[in-house]
>>> print(open('target-v4.cif').read())   # mmCIF, C-alpha atoms
data_protein
loop_
_atom_site.label_atom_id
_atom_site.label_comp_id
_atom_site.auth_asym_id
_atom_site.auth_seq_id
_atom_site.Cartn_x
_atom_site.Cartn_y
_atom_site.Cartn_z
CA MET G 1 0.98 339.07 234.54
CA ALA G 2 -0.79 342.42 234.19
CA ILE G 3 -4.02 343.92 235.51
CA VAL G 4 -5.86 346.18 233.06
CA ASP G 5 -8.84 348.46 233.74
CA PRO G 6 -12.03 348.33 231.58
CA GLU G 7 -10.65 351.07 229.29
CA GLY G 8 -7.54 349.00 228.57
CA ARG G 9 -5.10 350.98 230.73
CA VAL G 10 -2.48 348.93 232.60
CA GLU G 11 -2.83 349.32 236.37
CA ILE G 12 -0.29 346.77 237.62
CA SER G 13 2.25 344.63 235.77
CA THR G 14 5.16 342.39 236.59
CA ALA G 15 8.72 343.10 235.47
CA SER G 16 8.47 340.44 232.74
CA ALA G 17 5.22 341.93 231.40
CA LYS G 18 6.87 345.35 231.23
CA ASN G 19 10.12 344.25 229.63
CA LEU G 20 8.84 341.65 227.19
CA PHE G 21 5.45 343.02 226.15
CA GLY G 22 5.59 346.75 226.92
CA LEU G 23 2.77 346.50 229.48
CA ARG G 24 3.92 349.44 231.60
CA THR G 25 1.73 351.05 234.21
CA GLY G 26 -0.43 353.81 232.72
CA LEU G 27 -0.07 352.65 229.11
CA PHE G 28 -2.87 351.04 227.13
CA VAL G 29 -2.87 347.34 226.27
CA ARG G 30 -3.41 348.28 222.60
CA ASP G 31 0.10 349.72 222.64
CA ALA G 32 1.67 346.44 223.77
CA SER G 33 4.32 344.91 221.53
CA VAL G 34 2.10 341.87 220.92
CA ASP G 35 -1.29 342.51 219.28
CA HIS G 36 -2.64 339.20 220.62
CA LEU G 37 -2.98 340.78 224.05
CA ASN G 38 -5.29 343.54 222.84
CA ARG G 39 -7.60 341.02 221.14
CA LEU G 40 -7.54 338.84 224.23
CA PHE G 41 -8.44 341.85 226.39
CA HIS G 42 -11.41 342.73 224.16
CA SER G 43 -12.64 339.13 224.09
CA ILE G 44 -13.24 339.50 227.85
CA ILE G 45 -14.55 343.07 227.76
CA ASP G 46 -16.94 342.29 224.88
CA GLN G 47 -17.83 338.90 226.40
CA ASP G 48 -17.03 337.34 223.05
CA THR G 49 -14.57 334.51 223.59
CA GLN G 50 -14.91 333.37 219.97
CA GLN G 51 -13.21 336.50 218.60
CA TYR G 52 -9.95 335.28 220.13
CA ARG G 53 -9.11 331.87 218.79
CA GLU G 54 -7.73 329.23 221.10
CA GLU G 55 -4.73 328.62 218.83
CA GLU G 56 -3.78 332.32 219.09
CA LYS G 57 -3.10 331.95 222.81
CA LEU G 58 0.27 330.47 221.86
CA PHE G 59 2.51 332.99 220.12
CA GLN G 60 6.14 333.48 219.21
CA LEU G 61 8.36 336.36 220.33
CA PHE G 62 11.99 337.18 219.59
CA THR G 63 13.88 338.77 222.47
CA ASN G 64 17.61 339.53 222.29
CA GLY G 65 17.83 337.37 219.19
CA GLU G 66 16.28 334.40 220.99
CA GLU G 67 13.09 332.67 219.88
CA ARG G 68 10.64 332.25 222.74
CA TYR G 69 7.05 331.02 223.00
CA PHE G 70 4.37 332.30 225.34
CA HIS G 71 0.86 331.21 226.26
CA ALA G 72 -1.54 334.06 226.99
CA ASP G 73 -4.82 333.83 228.84
CA ALA G 74 -7.20 336.28 230.50
CA ALA G 75 -9.78 336.37 233.26
CA PRO G 76 -12.32 339.05 234.21
CA ARG G 77 -11.83 340.98 237.45
CA THR G 78 -15.07 341.82 239.24
CA ASP G 79 -16.18 343.61 242.38
CA ARG G 80 -18.37 342.18 245.12
CA ASP G 81 -21.50 342.89 243.11
CA GLY G 82 -20.17 341.04 240.10
CA HIS G 83 -19.49 344.17 238.02
CA LEU G 84 -16.52 344.02 235.68
CA THR G 85 -13.66 346.17 236.96
CA GLY G 86 -10.95 345.04 234.61
CA VAL G 87 -9.08 342.14 233.09
CA ILE G 88 -6.20 340.03 234.38
CA LEU G 89 -3.75 339.07 231.62
CA ILE G 90 -1.74 335.94 232.39
CA LEU G 91 1.40 335.28 230.34
CA LYS G 92 3.39 332.06 230.68
CA ASP G 93 6.74 331.27 229.08
CA VAL G 94 6.32 327.84 227.43
CA THR G 95 9.50 327.87 225.31
CA GLU G 96 10.99 324.75 226.87
CA GLN G 97 7.70 322.87 226.66
CA ARG G 98 7.36 323.89 222.99
CA HIS G 99 10.85 322.66 222.14
CA VAL G 100 10.18 319.32 223.87
CA GLU G 101 6.94 318.91 221.90
CA GLU G 102 8.70 319.71 218.61
CA LEU G 103 11.45 317.22 219.43
CA LYS G 104 8.91 314.54 220.33
CA SER G 105 6.86 315.19 217.20
CA GLY G 106 9.91 315.01 214.96
CA LEU G 107 11.10 311.82 216.64
CA ILE G 108 7.70 310.14 216.28
CA SER G 109 7.52 311.09 212.59
CA THR G 110 11.03 309.83 211.86
CA VAL G 111 10.59 306.56 213.75
CA SER G 112 7.21 305.93 212.11
CA HIS G 113 8.65 306.37 208.62
CA GLN G 114 11.67 304.20 209.42
CA LEU G 115 9.53 301.38 210.80
CA LYS G 116 6.93 301.32 208.06
CA THR G 117 9.09 299.67 205.35
CA PRO G 118 10.42 296.73 207.44
CA LEU G 119 6.95 296.24 208.93
CA THR G 120 5.50 295.94 205.43
CA SER G 121 8.03 293.20 204.66
CA ILE G 122 7.16 291.36 207.87
CA ARG G 123 3.43 291.51 207.12
CA MET G 124 4.00 290.22 203.60
CA ALA G 125 6.11 287.33 204.91
CA ILE G 126 3.41 286.36 207.40
CA HIS G 127 0.79 286.54 204.63
CA LEU G 128 2.82 284.22 202.36
CA LEU G 129 3.44 281.75 205.18
CA LEU G 130 -0.26 281.58 206.07
CA GLU G 131 -1.10 280.90 202.44
CA GLU G 132 1.42 278.02 202.67
CA LYS G 133 3.30 279.27 199.61
CA VAL G 134 6.53 277.88 201.02
CA GLY G 135 5.18 274.65 202.44
CA PRO G 136 2.47 273.23 204.72
CA LEU G 137 2.07 274.40 208.32
CA THR G 138 1.17 272.60 211.49
CA GLU G 139 -1.81 273.71 213.54
CA LYS G 140 0.49 275.24 216.16
CA GLN G 141 2.44 277.15 213.52
CA ILE G 142 -0.79 278.55 212.10
CA ASP G 143 -1.87 279.74 215.56
CA LEU G 144 1.46 281.48 216.09
CA LEU G 145 1.34 283.17 212.67
CA LEU G 146 -2.24 284.33 213.19
CA ALA G 147 -1.21 285.95 216.48
CA ALA G 148 1.79 287.55 214.74
CA ARG G 149 -0.46 288.86 211.96
CA GLU G 150 -2.86 290.39 214.46
CA GLU G 151 -0.07 292.16 216.32
CA SER G 152 1.62 293.36 213.12
CA ASP G 153 -1.71 294.71 211.84
CA LEU G 154 -2.15 296.61 215.11
CA LEU G 155 1.37 298.05 214.81
CA HIS G 156 0.62 299.07 211.23
CA ARG G 157 -2.51 300.92 212.35
CA ILE G 158 -0.57 302.69 215.09
CA LEU G 159 2.15 303.86 212.69
CA SER G 160 -0.43 305.02 210.14
CA LYS G 161 -2.29 307.04 212.76
CA LEU G 162 0.92 308.57 214.09
CA LEU G 163 1.75 309.74 210.57
CA ASP G 164 -1.82 311.04 210.20
CA ILE G 165 -1.34 313.17 213.34
CA ARG G 166 1.92 314.55 211.99
CA ARG G 167 0.32 315.37 208.63
CA ILE G 168 -2.51 317.20 210.40
CA GLU G 169 -0.04 319.20 212.51
CA ILE G 170 1.96 320.18 209.42
CA GLY G 171 -0.98 320.72 207.09
CA ARG G 172 -3.30 322.81 209.26
CA SER G 173 -2.99 325.73 206.84
CA GLN G 174 -3.53 323.44 203.83
CA MET G 175 -7.02 322.29 204.74
CA THR G 176 -9.71 323.09 202.18
CA PHE G 177 -12.55 324.83 204.01
CA GLN G 178 -15.98 325.23 202.47
CA ALA G 179 -19.51 326.00 203.56
CA VAL G 180 -21.25 322.74 204.32
CA SER G 181 -24.51 321.71 205.92
CA PRO G 182 -24.34 319.96 209.33
CA HIS G 183 -26.99 317.60 207.97
CA THR G 184 -24.65 316.57 205.13
CA LEU G 185 -21.69 316.02 207.45
CA ILE G 186 -23.70 313.86 209.83
CA MET G 187 -25.52 311.76 207.22
CA GLU G 188 -22.34 310.99 205.26
CA ALA G 189 -20.62 309.86 208.45
CA VAL G 190 -23.56 307.80 209.71
CA GLU G 191 -24.16 305.99 206.42
CA THR G 192 -20.58 304.67 206.29
CA LEU G 193 -21.05 302.91 209.64
CA ARG G 194 -24.73 302.01 209.51
CA ARG G 195 -24.08 298.44 208.34
CA SER G 196 -21.50 297.86 211.10
CA ALA G 197 -24.04 299.09 213.64
CA GLN G 198 -26.75 296.79 212.29
CA GLU G 199 -24.41 293.80 212.34
CA GLY G 200 -23.54 294.61 215.95
CA GLY G 201 -27.19 294.94 216.94
CA VAL G 202 -26.80 298.65 217.77
CA ASP G 203 -29.40 301.27 216.87
CA LEU G 204 -27.80 304.23 215.08
CA ALA G 205 -30.06 307.30 215.08
CA THR G 206 -29.82 310.96 214.06
CA ASP G 207 -31.53 314.11 215.30
CA ILE G 208 -30.87 317.01 212.91
CA HIS G 209 -32.88 320.23 212.74
CA ASP G 210 -33.58 321.68 209.29
CA ASN G 211 -32.66 325.25 210.22
CA LEU G 212 -29.06 324.68 211.31
CA PRO G 213 -26.61 327.19 209.78
CA LEU G 214 -23.83 326.14 207.43
CA VAL G 215 -20.39 325.53 208.96
CA ASN G 216 -16.83 326.06 207.71
CA ALA G 217 -15.19 322.66 207.35
CA ASP G 218 -12.81 320.48 205.44
CA THR G 219 -15.36 317.74 204.72
CA SER G 220 -12.89 314.87 204.41
CA GLN G 221 -11.20 315.76 207.70
CA ILE G 222 -14.47 316.09 209.63
CA CYS G 223 -15.51 312.72 208.23
CA ILE G 224 -12.41 311.31 209.97
CA VAL G 225 -13.53 312.93 213.24
CA PHE G 226 -16.99 311.38 212.98
CA SER G 227 -15.54 308.02 211.92
CA ASN G 228 -13.28 307.92 214.99
CA LEU G 229 -16.05 308.97 217.38
CA LEU G 230 -18.63 306.58 215.93
CA SER G 231 -16.19 303.66 215.71
CA ASN G 232 -15.26 304.27 219.34
CA ALA G 233 -18.93 304.32 220.33
CA LEU G 234 -19.62 301.07 218.43
CA ARG G 235 -16.63 299.37 220.05
CA TYR G 236 -17.99 299.91 223.57
CA THR G 237 -21.75 299.62 222.99
CA GLU G 238 -23.32 296.21 223.57
CA PRO G 239 -25.95 294.68 221.20
CA GLY G 240 -29.31 296.24 221.94
CA GLY G 241 -27.67 299.58 222.73
CA ARG G 242 -28.09 302.89 220.97
CA ILE G 243 -25.88 305.56 219.41
CA SER G 244 -27.36 308.93 218.51
CA VAL G 245 -25.85 311.79 216.52
CA LYS G 246 -27.19 315.33 216.61
CA ALA G 247 -26.21 318.97 216.17
CA GLU G 248 -27.38 322.30 217.53
CA THR G 249 -26.35 325.94 217.35
CA GLU G 250 -24.20 327.33 220.14
CA GLY G 251 -23.46 331.03 219.73
CA GLN G 252 -21.08 331.47 216.80
CA MET G 253 -20.57 327.73 216.53
CA VAL G 254 -22.49 324.56 215.77
CA ARG G 255 -21.93 321.74 218.26
CA PHE G 256 -22.09 318.12 217.12
CA PHE G 257 -22.87 315.29 219.56
CA VAL G 258 -22.18 311.55 219.45
CA THR G 259 -23.91 309.81 222.38
CA ASP G 260 -23.80 306.10 223.18
CA THR G 261 -25.21 303.77 225.81
CA GLY G 262 -21.92 301.91 226.19
CA SER G 263 -19.72 301.11 229.15
CA GLY G 264 -18.85 304.74 229.88
CA ILE G 265 -15.61 306.28 231.16
CA PRO G 266 -14.69 306.57 234.85
CA ASP G 267 -14.28 310.16 236.09
CA GLN G 268 -10.55 309.83 236.80
CA PHE G 269 -9.79 309.15 233.12
CA LEU G 270 -11.87 311.86 231.45
CA GLN G 271 -9.03 314.42 231.47
CA ARG G 272 -6.70 312.01 229.65
CA ILE G 273 -9.06 310.54 227.08
CA PHE G 274 -7.67 312.66 224.18
CA GLU G 275 -4.01 311.91 224.94
CA GLN G 276 -2.03 309.93 222.37
CA PHE G 277 -1.89 306.19 223.21
CA PHE G 278 -4.11 306.56 226.27
CA ARG G 279 -6.65 303.79 226.72
CA VAL G 280 -8.99 303.40 229.65
CA PRO G 281 -7.74 300.47 231.77
CA ASP G 282 -9.84 297.29 232.06
CA GLN G 283 -11.91 298.05 228.97
CA LYS G 284 -13.32 295.01 227.21
CA SER G 285 -12.05 295.94 223.75
CA GLU G 286 -8.35 295.45 223.05
CA THR G 287 -8.42 296.42 219.34
CA GLY G 288 -7.96 300.18 219.63
CA THR G 289 -4.69 302.01 219.07
CA GLY G 290 -5.29 304.82 221.55
CA LEU G 291 -4.84 307.38 218.76
CA GLY G 292 -8.29 307.87 217.22
CA LEU G 293 -9.46 310.46 219.74
CA ALA G 294 -6.11 312.28 219.60
CA ILE G 295 -6.50 312.57 215.82
CA ALA G 296 -10.07 313.84 216.22
CA LYS G 297 -8.83 316.51 218.65
CA GLU G 298 -6.09 317.66 216.25
CA ILE G 299 -8.56 318.01 213.38
CA VAL G 300 -11.21 319.86 215.39
CA GLU G 301 -8.68 322.30 216.84
CA ALA G 302 -7.26 322.88 213.34
CA HIS G 303 -10.80 324.03 212.45
CA GLY G 304 -10.82 326.49 215.35
CA GLY G 305 -13.21 324.36 217.38
CA THR G 306 -13.08 322.41 220.62
CA ILE G 307 -13.83 318.80 221.52
CA ASN G 308 -14.83 317.33 224.86
CA VAL G 309 -16.48 314.36 226.55
CA GLU G 310 -19.04 313.79 229.28
CA SER G 311 -19.42 310.34 230.76
CA GLN G 312 -19.95 308.18 233.80
CA LYS G 313 -18.89 304.59 234.19
CA GLY G 314 -21.67 302.24 233.13
CA GLN G 315 -23.84 305.07 231.77
CA GLY G 316 -22.47 305.67 228.29
CA ALA G 317 -20.62 308.69 226.96
CA THR G 318 -21.27 311.85 224.94
CA PHE G 319 -18.48 313.23 222.77
CA SER G 320 -19.08 316.65 221.25
CA PHE G 321 -17.16 319.11 219.10
CA THR G 322 -17.75 322.53 217.59
CA LEU G 323 -17.32 324.03 214.13
CA LYS G 324 -17.62 327.69 213.14
CA ARG G 325 -20.81 328.96 211.57
CA VAL G 326 -20.36 330.48 208.12
CA ASP G 327 -22.74 333.37 208.87
CA GLN G 328 -20.73 334.32 211.98
CA SER G 329 -17.21 333.99 210.58
CA PRO G 330 -15.38 337.26 209.89
CA GLU G 331 -15.06 337.97 206.17
CA GLY G 332 -16.63 334.58 205.48
CA GLU G 333 -13.51 332.66 206.44
#
>>> encode(input="target-v4.cif", output="structure tokens")
Amino acid sequence: MAIVDPEGRVEISTASAKNLFGLRTGLFVRDASVDHLNRLFHSIIDQDTQQYREEEKLFQLFTNGEERYFHADAAPRTDRDGHLTGVILILKDVTEQRHVEELKSGLISTVSHQLKTPLTSIRMAIHLLLEEKVGPLTEKQIDLLLAAREESDLLHRILSKLLDIRRIEIGRSQMTFQAVSPHTLIMEAVETLRRSAQEGGVDLATDIHDNLPLVNADTSQICIVFSNLLSNALRYTEPGGRISVKAETEGQMVRFFVTDTGSGIPDQFLQRIFEQFFRVPDQKSETGTGLGLAIAKEIVEAHGGTINVESQKGQGATFSFTLKRVDQSPEGE
């Protein structure tokens, strides 16, 4: 940790901050060995949190030939009158956590690939049996095979989504970004699910202003985000309910909203809703994999945006995410 005055001069720093990052008392944060810290400092001083991307808070550092990972954050320091008197830089060593995540990710990818081929054979065998290609079935046998087909289909969806998450993690830098209208993104997503909404007796509405700025997005990936959010809303919204999709500007971003009148999410589960495999207990629907929202989060964060949810049990939910405006992105990125 280090405390820096408004001019960027280090006032107080811990031994780790001095030894690892060069944040010695009296020196300026711009002279630190990690440039991330200077940008983080200015994001607080300039009150411009968008100039320091969330993904940059995690950075790599080699010390004594050892690879280490750190998470950096900052908070303003104010006096009693609320005037800014400096910035507190908080640096946390997350090397062990990073290695555990890499190990887990690699294990999930390997297991998913290894399971996909035998699962395909099992699904094909069930399909052939149900078509009675190898002989007639009794009613009880048909019931058992239908249950097996349902469970194998669910397992197939889980494996496919796990591989999707891994591809997103690996291919963040390979996304094809382009300037696209929020109106286009929303309408393409809504039209693909409009029939499902009508068949379920759910009203699917949009509220899009004509003057919204263009955003930087990989269109196919954002369509996946909308598909997951809208499918989730449809799953938990009863006939006669309503789902609305809208967008509005928010500083250097455009925020997209998907709001439903469904069963809602109890407060104690809101912090876990984007975790892989997490499903809210006692929900009516049992068809989800618990991975759709995790995939949406990966995609949005790969775009430099954030995703969150607001909900109360029995009062529906609002999921929202942000994308960068083209006219506010540095060098049109």
>>> atom_distance(input="target-v4.cif", atom1="CA of Gly264 (chain G)", atom2="CA of Ser160 (chain G)")
27.0 Å
>>> atom_distance(input="target-v4.cif", atom1="CA of Glu7 (chain G)", atom2="CA of His36 (chain G)")
16.7 Å
>>> atom_distance(input="target-v4.cif", atom1="CA of Ala197 (chain G)", atom2="CA of Pro182 (chain G)")
21.3 Å
>>> closest_residue(input="target-v4.cif", among="G:Gly251, G:Pro239, G:Gly292, G:Pro118", to="His156 (chain G)", atoms="all atoms listed in the file")
G:Pro118
>>> resolve_selection(input="target-v4.cif", expression="the PyMOL selection byres ((chain G and resi 244) around 8)", output="count of residues only")
12
>>> resolve_selection(input="target-v4.cif", expression="the PyMOL selection byres ((chain G and resi 181) around 10)", output="count of residues only")
18
>>> closest_atom_pairs(input="target-v4.cif", of="region 264-319 of chain G", to="region 55-70 of chain G", cutoff="12 Å", atoms="only C-alpha atoms", output="JSON lines")
{"residue": "G:Glu298", "atom": "CA", "partner": "G:Glu55", "partner_atom": "CA", "distance": 11.3}
{"residue": "G:Val300", "atom": "CA", "partner": "G:Glu55", "partner_atom": "CA", "distance": 11.4}
{"residue": "G:Glu301", "atom": "CA", "partner": "G:Glu55", "partner_atom": "CA", "distance": 7.7}
{"residue": "G:Ala302", "atom": "CA", "partner": "G:Glu55", "partner_atom": "CA", "distance": 8.3}
{"residue": "G:His303", "atom": "CA", "partner": "G:Glu55", "partner_atom": "CA", "distance": 9.9}
{"residue": "G:Gly304", "atom": "CA", "partner": "G:Glu55", "partner_atom": "CA", "distance": 7.3}
{"residue": "G:Gly305", "atom": "CA", "partner": "G:Glu55", "partner_atom": "CA", "distance": 9.6}
{"residue": "G:Thr306", "atom": "CA", "partner": "G:Glu55", "partner_atom": "CA", "distance": 10.6}
